[in-house]
Structure formats: C-alpha cells, structure tokens
$ cat target18.pdb   # PDB, C-alpha atoms
ATOM      1  CA  GLU A  19      -6.595  17.229 -26.292  1.00  0.00           C
ATOM      2  CA  PRO A  20      -7.582  19.420 -29.265  1.00  0.00           C
ATOM      3  CA  GLU A  21      -5.495  18.964 -32.367  1.00  0.00           C
ATOM      4  CA  VAL A  22      -4.884  20.375 -35.813  1.00  0.00           C
ATOM      5  CA  THR A  23      -5.771  17.889 -38.520  1.00  0.00           C
ATOM      6  CA  GLN A  24      -4.174  17.812 -41.948  1.00  0.00           C
ATOM      7  CA  THR A  25      -5.167  15.842 -45.029  1.00  0.00           C
ATOM      8  CA  PRO A  26      -3.863  14.054 -46.927  1.00  0.00           C
ATOM      9  CA  SER A  27      -0.905  12.724 -44.985  1.00  0.00           C
ATOM     10  CA  HIS A  28       0.966  12.069 -48.203  1.00  0.00           C
ATOM     11  CA  GLN A  29       0.368  13.345 -51.726  1.00  0.00           C
ATOM     12  CA  VAL A  30       2.254  12.544 -54.883  1.00  0.00           C
ATOM     13  CA  THR A  31       1.704  14.839 -57.844  1.00  0.00           C
ATOM     14  CA  GLN A  32       3.205  15.456 -61.236  1.00  0.00           C
ATOM     15  CA  MET A  33       5.179  18.587 -61.916  1.00  0.00           C
ATOM     16  CA  GLY A  34       2.925  21.367 -63.164  1.00  0.00           C
ATOM     17  CA  GLN A  35      -0.185  20.044 -61.453  1.00  0.00           C
ATOM     18  CA  GLU A  36      -2.183  21.946 -58.855  1.00  0.00           C
ATOM     19  CA  VAL A  37      -2.470  20.605 -55.327  1.00  0.00           C
ATOM     20  CA  ILE A  38      -4.617  21.620 -52.394  1.00  0.00           C
ATOM     21  CA  LEU A  39      -3.475  20.794 -48.900  1.00  0.00           C
ATOM     22  CA  ARG A  40      -6.184  20.839 -46.273  1.00  0.00           C
ATOM     23  CA  CYS A  41      -6.137  21.686 -42.615  1.00  0.00           C
ATOM     24  CA  VAL A  42      -8.732  21.822 -39.876  1.00  0.00           C
ATOM     25  CA  PRO A  43      -7.431  24.166 -37.176  1.00  0.00           C
ATOM     26  CA  ILE A  44      -8.539  24.008 -33.562  1.00  0.00           C
ATOM     27  CA  SER A  45     -12.065  25.365 -33.412  1.00  0.00           C
ATOM     28  CA  ASN A  46     -11.658  28.439 -31.211  1.00  0.00           C
ATOM     29  CA  HIS A  47      -8.357  29.526 -32.725  1.00  0.00           C
ATOM     30  CA  LEU A  48      -8.165  32.722 -34.721  1.00  0.00           C
ATOM     31  CA  TYR A  49      -4.652  32.665 -36.189  1.00  0.00           C
ATOM     32  CA  PHE A  50      -3.550  30.207 -38.827  1.00  0.00           C
ATOM     33  CA  TYR A  51      -0.202  29.431 -40.388  1.00  0.00           C
ATOM     34  CA  TRP A  52       1.434  27.338 -43.060  1.00  0.00           C
ATOM     35  CA  TYR A  53       5.018  26.168 -42.831  1.00  0.00           C
ATOM     36  CA  ARG A  54       7.091  23.831 -44.925  1.00  0.00           C
ATOM     37  CA  GLN A  55      10.122  21.698 -44.204  1.00  0.00           C
ATOM     38  CA  ILE A  56      12.276  20.305 -46.971  1.00  0.00           C
ATOM     39  CA  LEU A  57      13.852  17.020 -45.923  1.00  0.00           C
ATOM     40  CA  GLY A  58      16.759  17.633 -43.553  1.00  0.00           C
ATOM     41  CA  GLN A  59      16.268  21.391 -43.480  1.00  0.00           C
ATOM     42  CA  LYS A  60      14.689  24.032 -41.255  1.00  0.00           C
ATOM     43  CA  VAL A  61      11.001  24.619 -40.712  1.00  0.00           C
ATOM     44  CA  GLU A  62      10.254  27.580 -42.997  1.00  0.00           C
ATOM     45  CA  PHE A  63       7.459  30.097 -42.518  1.00  0.00           C
ATOM     46  CA  LEU A  64       5.160  30.508 -45.499  1.00  0.00           C
ATOM     47  CA  VAL A  65       2.148  32.559 -44.450  1.00  0.00           C
ATOM     48  CA  SER A  66       0.035  33.689 -41.526  1.00  0.00           C
ATOM     49  CA  PHE A  67      -3.695  34.333 -41.748  1.00  0.00           C
ATOM     50  CA  TYR A  68      -6.049  36.223 -39.474  1.00  0.00           C
ATOM     51  CA  ASN A  69      -9.520  37.679 -39.835  1.00  0.00           C
ATOM     52  CA  ASN A  70      -9.903  36.171 -43.281  1.00  0.00           C
ATOM     53  CA  GLU A  71      -6.848  37.751 -44.738  1.00  0.00           C
ATOM     54  CA  ILE A  72      -3.121  37.195 -44.990  1.00  0.00           C
ATOM     55  CA  SER A  73      -1.254  38.880 -42.118  1.00  0.00           C
ATOM     56  CA  GLU A  74       2.219  38.171 -43.346  1.00  0.00           C
ATOM     57  CA  LYS A  75       3.946  36.067 -45.969  1.00  0.00           C
ATOM     58  CA  SER A  76       7.492  35.044 -46.701  1.00  0.00           C
ATOM     59  CA  GLU A  77       9.467  35.345 -49.911  1.00  0.00           C
ATOM     60  CA  ILE A  78       8.732  31.679 -50.551  1.00  0.00           C
ATOM     61  CA  PHE A  79       4.999  32.421 -50.722  1.00  0.00           C
ATOM     62  CA  ASP A  80       4.948  33.721 -54.276  1.00  0.00           C
ATOM     63  CA  ASP A  81       2.141  33.854 -56.824  1.00  0.00           C
ATOM     64  CA  GLN A  82       1.940  30.078 -57.164  1.00  0.00           C
ATOM     65  CA  PHE A  83       0.719  29.830 -53.560  1.00  0.00           C
ATOM     66  CA  SER A  84      -2.624  30.868 -52.142  1.00  0.00           C
ATOM     67  CA  VAL A  85      -4.532  30.258 -48.923  1.00  0.00           C
ATOM     68  CA  GLU A  86      -8.208  30.190 -48.203  1.00  0.00           C
ATOM     69  CA  ARG A  87     -10.604  29.603 -45.350  1.00  0.00           C
ATOM     70  CA  PRO A  88     -13.585  28.547 -47.431  1.00  0.00           C
ATOM     71  CA  ASP A  89     -16.108  27.526 -44.812  1.00  0.00           C
ATOM     72  CA  GLY A  90     -15.098  28.688 -41.351  1.00  0.00           C
ATOM     73  CA  SER A  91     -13.484  25.407 -40.383  1.00  0.00           C
ATOM     74  CA  ASN A  92     -11.043  24.424 -43.114  1.00  0.00           C
ATOM     75  CA  PHE A  93      -7.844  26.257 -43.990  1.00  0.00           C
ATOM     76  CA  THR A  94      -6.289  25.342 -47.305  1.00  0.00           C
ATOM     77  CA  LEU A  95      -3.006  25.891 -49.072  1.00  0.00           C
ATOM     78  CA  LYS A  96      -3.087  25.745 -52.855  1.00  0.00           C
ATOM     79  CA  ILE A  97       0.009  25.358 -54.970  1.00  0.00           C
ATOM     80  CA  ARG A  98      -0.950  26.216 -58.521  1.00  0.00           C
ATOM     81  CA  SER A  99       1.756  24.696 -60.662  1.00  0.00           C
ATOM     82  CA  THR A 100       3.981  22.441 -58.632  1.00  0.00           C
ATOM     83  CA  LYS A 101       7.707  22.255 -59.147  1.00  0.00           C
ATOM     84  CA  LEU A 102      10.136  19.569 -58.084  1.00  0.00           C
ATOM     85  CA  GLU A 103      11.504  21.876 -55.395  1.00  0.00           C
ATOM     86  CA  ASP A 104       8.059  22.112 -53.783  1.00  0.00           C
ATOM     87  CA  SER A 105       8.564  18.593 -52.461  1.00  0.00           C
ATOM     88  CA  ALA A 106       8.503  18.963 -48.682  1.00  0.00           C
ATOM     89  CA  MET A 107       6.485  18.423 -45.534  1.00  0.00           C
ATOM     90  CA  TYR A 108       3.837  21.094 -45.192  1.00  0.00           C
ATOM     91  CA  PHE A 109       2.651  21.917 -41.696  1.00  0.00           C
ATOM     92  CA  CYS A 110      -0.459  23.808 -40.752  1.00  0.00           C
ATOM     93  CA  ALA A 111      -0.645  25.490 -37.354  1.00  0.00           C
ATOM     94  CA  SER A 112      -3.147  27.504 -35.396  1.00  0.00           C
ATOM     95  CA  SER A 113      -3.085  29.602 -32.263  1.00  0.00           C
ATOM     96  CA  GLU A 114      -5.703  31.217 -30.113  1.00  0.00           C
ATOM     97  CA  ALA A 115      -4.269  34.707 -29.974  1.00  0.00           C
ATOM     98  CA  GLY A 116      -1.215  35.192 -32.153  1.00  0.00           C
ATOM     99  CA  VAL A 117       2.439  34.293 -31.814  1.00  0.00           C
ATOM    100  CA  ASN A 118       2.610  35.044 -28.091  1.00  0.00           C
ATOM    101  CA  THR A 119       0.387  32.057 -27.436  1.00  0.00           C
ATOM    102  CA  GLU A 120       1.077  28.405 -28.043  1.00  0.00           C
ATOM    103  CA  ALA A 121       0.886  27.373 -31.685  1.00  0.00           C
ATOM    104  CA  PHE A 122      -0.463  23.895 -32.344  1.00  0.00           C
ATOM    105  CA  PHE A 123       0.952  22.147 -35.381  1.00  0.00           C
ATOM    106  CA  GLY A 124      -0.623  19.399 -37.415  1.00  0.00           C
ATOM    107  CA  GLN A 125       1.128  16.186 -38.333  1.00  0.00           C
ATOM    108  CA  GLY A 126       1.900  17.512 -41.784  1.00  0.00           C
ATOM    109  CA  THR A 127       1.324  16.582 -45.409  1.00  0.00           C
ATOM    110  CA  ARG A 128       4.251  15.093 -47.236  1.00  0.00           C
ATOM    111  CA  LEU A 129       4.136  16.442 -50.782  1.00  0.00           C
ATOM    112  CA  THR A 130       6.194  14.659 -53.389  1.00  0.00           C
ATOM    113  CA  VAL A 131       6.424  16.243 -56.835  1.00  0.00           C
ATOM    114  CA  VAL A 132       7.620  13.903 -59.581  1.00  0.00           C
TER     115      VAL A 132
ATOM    116  CA  LEU B  13      13.492  40.246 -35.585  1.00  0.00           C
ATOM    117  CA  ALA B  14      15.474  38.908 -32.624  1.00  0.00           C
ATOM    118  CA  LYS B  15      18.059  36.358 -33.768  1.00  0.00           C
ATOM    119  CA  THR B  16      18.729  33.298 -31.628  1.00  0.00           C
ATOM    120  CA  THR B  17      21.853  31.184 -31.340  1.00  0.00           C
ATOM    121  CA  GLN B  18      21.897  27.681 -29.870  1.00  0.00           C
ATOM    122  CA  PRO B  19      24.188  24.661 -30.148  1.00  0.00           C
ATOM    123  CA  ILE B  20      23.744  22.584 -33.279  1.00  0.00           C
ATOM    124  CA  SER B  21      23.764  19.307 -31.381  1.00  0.00           C
ATOM    125  CA  MET B  22      24.051  17.781 -27.914  1.00  0.00           C
ATOM    126  CA  ASP B  23      24.382  14.275 -26.591  1.00  0.00           C
ATOM    127  CA  SER B  24      23.358  12.943 -23.216  1.00  0.00           C
ATOM    128  CA  TYR B  25      22.344   9.751 -21.423  1.00  0.00           C
ATOM    129  CA  GLU B  26      19.087   8.507 -20.031  1.00  0.00           C
ATOM    130  CA  GLY B  27      18.341   9.796 -16.556  1.00  0.00           C
ATOM    131  CA  GLN B  28      20.550  12.868 -16.891  1.00  0.00           C
ATOM    132  CA  GLU B  29      19.444  16.472 -16.726  1.00  0.00           C
ATOM    133  CA  VAL B  30      19.973  18.295 -20.006  1.00  0.00           C
ATOM    134  CA  ASN B  31      20.395  22.052 -20.281  1.00  0.00           C
ATOM    135  CA  ILE B  32      20.223  23.755 -23.660  1.00  0.00           C
ATOM    136  CA  THR B  33      21.244  27.394 -23.702  1.00  0.00           C
ATOM    137  CA  CYS B  34      20.098  29.922 -26.264  1.00  0.00           C
ATOM    138  CA  SER B  35      21.350  33.452 -26.767  1.00  0.00           C
ATOM    139  CA  HIS B  36      19.111  36.256 -28.018  1.00  0.00           C
ATOM    140  CA  ASN B  37      21.090  39.445 -27.553  1.00  0.00           C
ATOM    141  CA  ASN B  38      18.700  41.784 -29.337  1.00  0.00           C
ATOM    142  CA  ILE B  39      15.484  40.638 -27.681  1.00  0.00           C
ATOM    143  CA  ALA B  40      12.894  43.411 -27.470  1.00  0.00           C
ATOM    144  CA  THR B  41      11.086  44.485 -24.327  1.00  0.00           C
ATOM    145  CA  ASN B  42       7.802  42.909 -25.380  1.00  0.00           C
ATOM    146  CA  ASP B  43       9.261  39.655 -26.702  1.00  0.00           C
ATOM    147  CA  TYR B  44       8.757  36.260 -25.104  1.00  0.00           C
ATOM    148  CA  ILE B  45      11.121  33.288 -25.212  1.00  0.00           C
ATOM    149  CA  THR B  46       9.521  30.109 -26.462  1.00  0.00           C
ATOM    150  CA  TRP B  47      10.806  26.579 -26.975  1.00  0.00           C
ATOM    151  CA  TYR B  48       9.439  23.965 -29.344  1.00  0.00           C
ATOM    152  CA  GLN B  49      10.319  20.311 -29.820  1.00  0.00           C
ATOM    153  CA  GLN B  50      10.201  18.396 -33.080  1.00  0.00           C
ATOM    154  CA  PHE B  51      10.386  14.658 -33.610  1.00  0.00           C
ATOM    155  CA  PRO B  52      11.251  13.285 -37.075  1.00  0.00           C
ATOM    156  CA  SER B  53       8.390  13.581 -39.573  1.00  0.00           C
ATOM    157  CA  GLN B  54       6.175  15.396 -37.067  1.00  0.00           C
ATOM    158  CA  GLY B  55       5.157  18.989 -36.593  1.00  0.00           C
ATOM    159  CA  PRO B  56       6.829  21.106 -33.907  1.00  0.00           C
ATOM    160  CA  ARG B  57       5.298  20.940 -30.465  1.00  0.00           C
ATOM    161  CA  PHE B  58       5.226  23.759 -27.926  1.00  0.00           C
ATOM    162  CA  ILE B  59       7.203  23.013 -24.765  1.00  0.00           C
ATOM    163  CA  ILE B  60       7.394  26.162 -22.680  1.00  0.00           C
ATOM    164  CA  GLN B  61       7.319  29.933 -22.832  1.00  0.00           C
ATOM    165  CA  GLY B  62       8.620  32.607 -20.473  1.00  0.00           C
ATOM    166  CA  TYR B  63       9.349  36.283 -20.126  1.00  0.00           C
ATOM    167  CA  LYS B  64      11.742  36.460 -17.188  1.00  0.00           C
ATOM    168  CA  THR B  65      13.114  34.490 -14.205  1.00  0.00           C
ATOM    169  CA  LYS B  66      11.925  30.885 -14.109  1.00  0.00           C
ATOM    170  CA  VAL B  67       9.016  29.006 -15.576  1.00  0.00           C
ATOM    171  CA  THR B  68       8.314  25.346 -14.888  1.00  0.00           C
ATOM    172  CA  ASN B  69       5.757  22.943 -16.285  1.00  0.00           C
ATOM    173  CA  GLU B  70       5.367  19.184 -16.312  1.00  0.00           C
ATOM    174  CA  VAL B  71       7.865  18.800 -19.152  1.00  0.00           C
ATOM    175  CA  ALA B  72      10.655  21.324 -18.601  1.00  0.00           C
ATOM    176  CA  SER B  73      11.947  24.410 -16.858  1.00  0.00           C
ATOM    177  CA  LEU B  74      13.004  27.638 -18.493  1.00  0.00           C
ATOM    178  CA  PHE B  75      15.548  29.900 -16.844  1.00  0.00           C
ATOM    179  CA  ILE B  76      15.857  33.497 -18.000  1.00  0.00           C
ATOM    180  CA  PRO B  77      18.393  35.867 -16.404  1.00  0.00           C
ATOM    181  CA  ALA B  78      17.558  39.457 -15.600  1.00  0.00           C
ATOM    182  CA  ASP B  79      19.069  40.871 -18.802  1.00  0.00           C
ATOM    183  CA  ARG B  80      17.021  38.367 -20.884  1.00  0.00           C
ATOM    184  CA  LYS B  81      19.825  38.059 -23.426  1.00  0.00           C
ATOM    185  CA  SER B  82      19.924  34.310 -23.002  1.00  0.00           C
ATOM    186  CA  SER B  83      17.755  31.489 -21.730  1.00  0.00           C
ATOM    187  CA  THR B  84      18.253  27.875 -20.699  1.00  0.00           C
ATOM    188  CA  LEU B  85      15.841  25.048 -21.312  1.00  0.00           C
ATOM    189  CA  SER B  86      16.242  22.347 -18.681  1.00  0.00           C
ATOM    190  CA  LEU B  87      14.943  18.816 -19.251  1.00  0.00           C
ATOM    191  CA  PRO B  88      15.036  16.756 -16.048  1.00  0.00           C
ATOM    192  CA  ARG B  89      15.881  13.056 -16.200  1.00  0.00           C
ATOM    193  CA  VAL B  90      15.747  12.626 -19.955  1.00  0.00           C
ATOM    194  CA  SER B  91      14.728   9.396 -21.637  1.00  0.00           C
ATOM    195  CA  LEU B  92      15.318   7.992 -25.119  1.00  0.00           C
ATOM    196  CA  SER B  93      12.018   9.525 -26.212  1.00  0.00           C
ATOM    197  CA  ASP B  94      13.411  13.010 -25.608  1.00  0.00           C
ATOM    198  CA  THR B  95      15.642  12.589 -28.661  1.00  0.00           C
ATOM    199  CA  ALA B  96      14.449  15.408 -30.915  1.00  0.00           C
ATOM    200  CA  VAL B  97      15.290  18.836 -32.293  1.00  0.00           C
ATOM    201  CA  TYR B  98      14.697  21.685 -29.833  1.00  0.00           C
ATOM    202  CA  TYR B  99      14.032  25.185 -31.128  1.00  0.00           C
ATOM    203  CA  CYS B 100      14.526  28.390 -29.187  1.00  0.00           C
ATOM    204  CA  LEU B 101      12.360  31.189 -30.529  1.00  0.00           C
ATOM    205  CA  VAL B 102      11.746  34.802 -29.661  1.00  0.00           C
ATOM    206  CA  VAL B 103       8.172  35.814 -30.324  1.00  0.00           C
ATOM    207  CA  GLY B 104       6.256  39.006 -29.870  1.00  0.00           C
ATOM    208  CA  TYR B 105       6.271  42.435 -31.358  1.00  0.00           C
ATOM    209  CA  SER B 106       9.632  41.919 -33.046  1.00  0.00           C
ATOM    210  CA  SER B 107       8.343  38.863 -34.890  1.00  0.00           C
ATOM    211  CA  ALA B 108       5.011  40.380 -35.860  1.00  0.00           C
ATOM    212  CA  SER B 109       2.572  37.656 -36.885  1.00  0.00           C
ATOM    213  CA  LYS B 110       4.971  34.825 -37.575  1.00  0.00           C
ATOM    214  CA  ILE B 111       7.107  32.309 -35.710  1.00  0.00           C
ATOM    215  CA  ILE B 112      10.535  31.882 -37.263  1.00  0.00           C
ATOM    216  CA  PHE B 113      12.391  28.654 -36.626  1.00  0.00           C
ATOM    217  CA  GLY B 114      16.162  28.502 -36.644  1.00  0.00           C
ATOM    218  CA  SER B 115      18.232  25.379 -37.058  1.00  0.00           C
ATOM    219  CA  GLY B 116      17.554  24.185 -33.532  1.00  0.00           C
ATOM    220  CA  THR B 117      19.564  21.855 -31.306  1.00  0.00           C
ATOM    221  CA  ARG B 118      19.550  18.199 -32.224  1.00  0.00           C
ATOM    222  CA  LEU B 119      19.488  16.355 -28.895  1.00  0.00           C
ATOM    223  CA  SER B 120      20.484  12.696 -28.904  1.00  0.00           C
ATOM    224  CA  ILE B 121      19.848  10.590 -25.814  1.00  0.00           C
ATOM    225  CA  ARG B 122      21.740   7.340 -25.403  1.00  0.00           C
ATOM    226  CA  PRO B 123      20.903   4.392 -23.139  1.00  0.00           C
TER     227      PRO B 123
END

$ encode --input "target18.pdb" --output "structure tokens"
Amino acid sequence: EPEVTQTPSHQVTQMGQEVILRCVPISNHLYFYWYRQILGQKVEFLVSFYNNEISEKSEIFDDQFSVERPDGSNFTLKIRSTKLEDSAMYFCASSEAGVNTEAFFGQGTRLTVV
Amino acid sequence: LAKTTQPISMDSYEGQEVNITCSHNNIATNDYITWYQQFPSQGPRFIIQGYKTKVTNEVASLFIPADRKSSTLSLPRVSLSDTAVYYCLVVGYSSASKIIFGSGTRLSIRP
C-alpha cells in the first residue's frame, strides 16, 4: 500500500534554531498538507499546498513557518526560529484530488524544542 | 465551515457493535461526511466517507439520514485494537482546501 513518509521520526532542537521537517507524499498525489498535534490536544491544520503554492493556511502558520516542494517529490516544512511551544507531532498528508478524497497521513515527526 | 458534534468518549467491549453518532446541522449541499481514526502517536487514518444513505466497506458502515444533519459510524464486532480516537469531519466546498479535525470521540474497548 502506498504511504506518506516523514523524516526524521524525532527531532530535538534548541530554542531559536531552525528545523526542516521532510515528507515524501504519495507519488501521484497533487494536494499536500501539514498538521500538528500538541501532546493531548487536537490535530491542528497548518497549511495546504497545491500546484506549487499555498492554497490555505491557518493562523498558526505565521512568518516563522514556510513550506516548499523543492524537487517534485519532497515536501518540507521549515520552522525558522523554534519556540518551546512549537514542540508537537507534525504530520504531513497528501491526497489525490483535494479534501473530498482520502487524505493519507504520515507517521509524524515528533519535534521537541528545549 | 460545517461544525460537527460528537461524544467525547465511549466505552464498549470486545465483540460488540459500536455506533458513534455525529451531528452536523449546517452541512452544505456539496459537503461529504468523512471519518478518520487515530491511534496514539500515529497520524489519522481514513476510515470511510459518504454523502447520503449507507456506505459500507471492510472496516465500517456509515449511515446518513435523508436530511444529512447527522451521521452514524458503525464498527461491527470491535476488538481491543479498535481503541482509538474517531473523528467525524465534513469536507467539501464549505471546508475549502483543508480538513479540520475536532476533538473526536475517544473509544475504549475492554476485554
């Protein structure tokens, strides 16, 4: 079964450092998403991406966040200057044709900011 | 964006049928009802999606009445491995290009 792959599975970083979370979506999918989940809380939407540009972003996705699809296969989330409150699980997802179709989620990257 | 309401938690026993009901009173004509499952420390996983009446797959059934203001996810003969959080979502034109997760229903299955 095709799957979304995320690396690393766990990253520890110091406050103020930049981190890049990587995702390889399913190959024929066109829509990509990033979500985060703080421990014990809801899965929160960050950003959706289609046709090489951001389709929609939440209030959480401020100037410290950016996304990129650098090479046609990877989809990255960059957090420029991490804060303690950025500690969370970050999930990448992809879908073939938008939200009306099944979204496949990766296993997540656990980001710990110390 | 159509808001959904579902129970915070439910308990059941192995071998029982579990029904989780979700209300979505302001669902739009072009919206679909979708359910996801999430195990601890894993990403959500799609279970089933429907527009009206009944949809069944190898995992679950989804019942949607004619007015579409609610839906019921039915899990037949649950096992311990069905312990998870279940999210009812409304997706489509009202949600634009994002899937919004609510708090979900935490289902606990006991032996």

$ interface_residues --input "target18.pdb" --of "chain A" --to "chain B" --cutoff "7 Å" --atoms "all atoms listed in the file" --output "PyMOL selection string"
chain A and resi 60-63+66+73-74+109+116-118+120-126

$ axis_aligned_box --input "target18.pdb" --around "range 87-99 of chain A" --padding-each-side "8 Å" --output "lines of an AutoDock Vina configuration file"
center_x = -7.2
center_y = 27.0
center_z = -50.5
size_x = 33.9
size_y = 21.2
size_z = 36.3

$ closest_residue --input "target18.pdb" --among "B:Pro88, B:Thr16, B:Phe51, B:Gln28" --to "Thr68 in chain B" --atoms "all atoms listed in the file"
B:Pro88

$ closest_residue --input "target18.pdb" --among "A:Ile78, A:Met107, A:Val30, A:Val85" --to "Leu57 in chain A" --atoms "all atoms listed in the file"
A:Met107

$ residues_around --input "target18.pdb" --residues "Pro26 in chain A" --least-positions-apart "6" --cutoff "12 Å" --atoms "all atoms listed in the file" --output "list in words"
Val37, Ile38, Leu39, Arg40, Cys41, Val42, Thr94, Met107, Tyr108, Phe109, Gly124, Gln125, Gly126, Thr127, Arg128, Leu129 and Thr130 of chain A

$ build_atoms --input "target18.pdb" --residues "range 91-113 of chain A" --atoms "N, CA, C and O atoms" --output "PDB file, in the coordinates of the input"
ATOM      1  N   SER A  91     -14.165  26.444 -41.153  1.00  0.00           N
ATOM      2  CA  SER A  91     -13.484  25.407 -40.383  1.00  0.00           C
ATOM      3  C   SER A  91     -12.217  24.942 -41.076  1.00  0.00           C
ATOM      4  O   SER A  91     -11.220  24.659 -40.429  1.00  0.00           O
ATOM      5  N   ASN A  92     -12.228  24.865 -42.400  1.00  0.00           N
ATOM      6  CA  ASN A  92     -11.043  24.424 -43.114  1.00  0.00           C
ATOM      7  C   ASN A  92     -10.126  25.591 -43.464  1.00  0.00           C
ATOM      8  O   ASN A  92     -10.569  26.729 -43.614  1.00  0.00           O
ATOM      9  N   PHE A  93      -8.851  25.270 -43.591  1.00  0.00           N
ATOM     10  CA  PHE A  93      -7.844  26.257 -43.990  1.00  0.00           C
ATOM     11  C   PHE A  93      -6.977  25.558 -45.024  1.00  0.00           C
ATOM     12  O   PHE A  93      -6.379  24.526 -44.716  1.00  0.00           O
ATOM     13  N   THR A  94      -6.956  26.071 -46.231  1.00  0.00           N
ATOM     14  CA  THR A  94      -6.289  25.342 -47.305  1.00  0.00           C
ATOM     15  C   THR A  94      -5.098  26.123 -47.866  1.00  0.00           C
ATOM     16  O   THR A  94      -5.069  27.354 -47.853  1.00  0.00           O
ATOM     17  N   LEU A  95      -4.151  25.346 -48.352  1.00  0.00           N
ATOM     18  CA  LEU A  95      -3.006  25.891 -49.072  1.00  0.00           C
ATOM     19  C   LEU A  95      -3.049  25.315 -50.480  1.00  0.00           C
ATOM     20  O   LEU A  95      -3.054  24.095 -50.649  1.00  0.00           O
ATOM     21  N   LYS A  96      -3.085  26.185 -51.468  1.00  0.00           N
ATOM     22  CA  LYS A  96      -3.087  25.745 -52.855  1.00  0.00           C
ATOM     23  C   LYS A  96      -1.750  26.104 -53.494  1.00  0.00           C
ATOM     24  O   LYS A  96      -1.263  27.232 -53.348  1.00  0.00           O
ATOM     25  N   ILE A  97      -1.196  25.111 -54.183  1.00  0.00           N
ATOM     26  CA  ILE A  97       0.009  25.358 -54.970  1.00  0.00           C
ATOM     27  C   ILE A  97      -0.396  25.163 -56.420  1.00  0.00           C
ATOM     28  O   ILE A  97      -0.802  24.054 -56.822  1.00  0.00           O
ATOM     29  N   ARG A  98      -0.331  26.211 -57.192  1.00  0.00           N
ATOM     30  CA  ARG A  98      -0.950  26.216 -58.521  1.00  0.00           C
ATOM     31  C   ARG A  98      -0.235  25.341 -59.539  1.00  0.00           C
ATOM     32  O   ARG A  98      -0.864  24.581 -60.229  1.00  0.00           O
ATOM     33  N   SER A  99       1.013  25.450 -59.655  1.00  0.00           N
ATOM     34  CA  SER A  99       1.756  24.696 -60.662  1.00  0.00           C
ATOM     35  C   SER A  99       3.011  24.168 -59.986  1.00  0.00           C
ATOM     36  O   SER A  99       4.018  24.879 -59.892  1.00  0.00           O
ATOM     37  N   THR A 100       2.920  22.957 -59.489  1.00  0.00           N
ATOM     38  CA  THR A 100       3.981  22.441 -58.632  1.00  0.00           C
ATOM     39  C   THR A 100       5.284  22.243 -59.381  1.00  0.00           C
ATOM     40  O   THR A 100       5.309  21.895 -60.574  1.00  0.00           O
ATOM     41  N   LYS A 101       6.361  22.462 -58.629  1.00  0.00           N
ATOM     42  CA  LYS A 101       7.707  22.255 -59.147  1.00  0.00           C
ATOM     43  C   LYS A 101       8.373  21.175 -58.297  1.00  0.00           C
ATOM     44  O   LYS A 101       7.955  20.901 -57.168  1.00  0.00           O
ATOM     45  N   LEU A 102       9.433  20.612 -58.829  1.00  0.00           N
ATOM     46  CA  LEU A 102      10.136  19.569 -58.084  1.00  0.00           C
ATOM     47  C   LEU A 102      10.567  20.066 -56.710  1.00  0.00           C
ATOM     48  O   LEU A 102      10.491  19.334 -55.715  1.00  0.00           O
ATOM     49  N   GLU A 103      10.995  21.328 -56.653  1.00  0.00           N
ATOM     50  CA  GLU A 103      11.504  21.876 -55.395  1.00  0.00           C
ATOM     51  C   GLU A 103      10.407  22.184 -54.379  1.00  0.00           C
ATOM     52  O   GLU A 103      10.701  22.609 -53.260  1.00  0.00           O
ATOM     53  N   ASP A 104       9.153  21.985 -54.749  1.00  0.00           N
ATOM     54  CA  ASP A 104       8.059  22.112 -53.783  1.00  0.00           C
ATOM     55  C   ASP A 104       7.897  20.864 -52.937  1.00  0.00           C
ATOM     56  O   ASP A 104       7.104  20.850 -51.984  1.00  0.00           O
ATOM     57  N   SER A 105       8.617  19.815 -53.254  1.00  0.00           N
ATOM     58  CA  SER A 105       8.564  18.593 -52.461  1.00  0.00           C
ATOM     59  C   SER A 105       9.051  18.887 -51.048  1.00  0.00           C
ATOM     60  O   SER A 105      10.172  19.364 -50.853  1.00  0.00           O
ATOM     61  N   ALA A 106       8.198  18.621 -50.074  1.00  0.00           N
ATOM     62  CA  ALA A 106       8.503  18.963 -48.682  1.00  0.00           C
ATOM     63  C   ALA A 106       7.369  18.463 -47.808  1.00  0.00           C
ATOM     64  O   ALA A 106       6.328  18.017 -48.292  1.00  0.00           O
ATOM     65  N   MET A 107       7.580  18.575 -46.489  1.00  0.00           N
ATOM     66  CA  MET A 107       6.485  18.423 -45.534  1.00  0.00           C
ATOM     67  C   MET A 107       5.855  19.791 -45.345  1.00  0.00           C
ATOM     68  O   MET A 107       6.567  20.782 -45.162  1.00  0.00           O
ATOM     69  N   TYR A 108       4.550  19.842 -45.398  1.00  0.00           N
ATOM     70  CA  TYR A 108       3.837  21.094 -45.192  1.00  0.00           C
ATOM     71  C   TYR A 108       3.056  20.979 -43.889  1.00  0.00           C
ATOM     72  O   TYR A 108       2.249  20.066 -43.709  1.00  0.00           O
ATOM     73  N   PHE A 109       3.303  21.926 -43.002  1.00  0.00           N
ATOM     74  CA  PHE A 109       2.651  21.917 -41.696  1.00  0.00           C
ATOM     75  C   PHE A 109       1.690  23.090 -41.587  1.00  0.00           C
ATOM     76  O   PHE A 109       2.035  24.229 -41.900  1.00  0.00           O
ATOM     77  N   CYS A 110       0.518  22.788 -41.101  1.00  0.00           N
ATOM     78  CA  CYS A 110      -0.459  23.808 -40.752  1.00  0.00           C
ATOM     79  C   CYS A 110      -0.396  24.007 -39.240  1.00  0.00           C
ATOM     80  O   CYS A 110      -0.117  23.055 -38.492  1.00  0.00           O
ATOM     81  N   ALA A 111      -0.625  25.222 -38.785  1.00  0.00           N
ATOM     82  CA  ALA A 111      -0.645  25.490 -37.354  1.00  0.00           C
ATOM     83  C   ALA A 111      -1.733  26.507 -37.056  1.00  0.00           C
ATOM     84  O   ALA A 111      -2.137  27.281 -37.930  1.00  0.00           O
ATOM     85  N   SER A 112      -2.184  26.494 -35.815  1.00  0.00           N
ATOM     86  CA  SER A 112      -3.147  27.504 -35.396  1.00  0.00           C
ATOM     87  C   SER A 112      -2.845  27.912 -33.964  1.00  0.00           C
ATOM     88  O   SER A 112      -2.231  27.163 -33.202  1.00  0.00           O
ATOM     89  N   SER A 113      -3.240  29.130 -33.634  1.00  0.00           N
ATOM     90  CA  SER A 113      -3.085  29.602 -32.263  1.00  0.00           C
ATOM     91  C   SER A 113      -4.285  30.452 -31.902  1.00  0.00           C
ATOM     92  O   SER A 113      -4.959  31.012 -32.768  1.00  0.00           O
TER      93      SER A 113
END
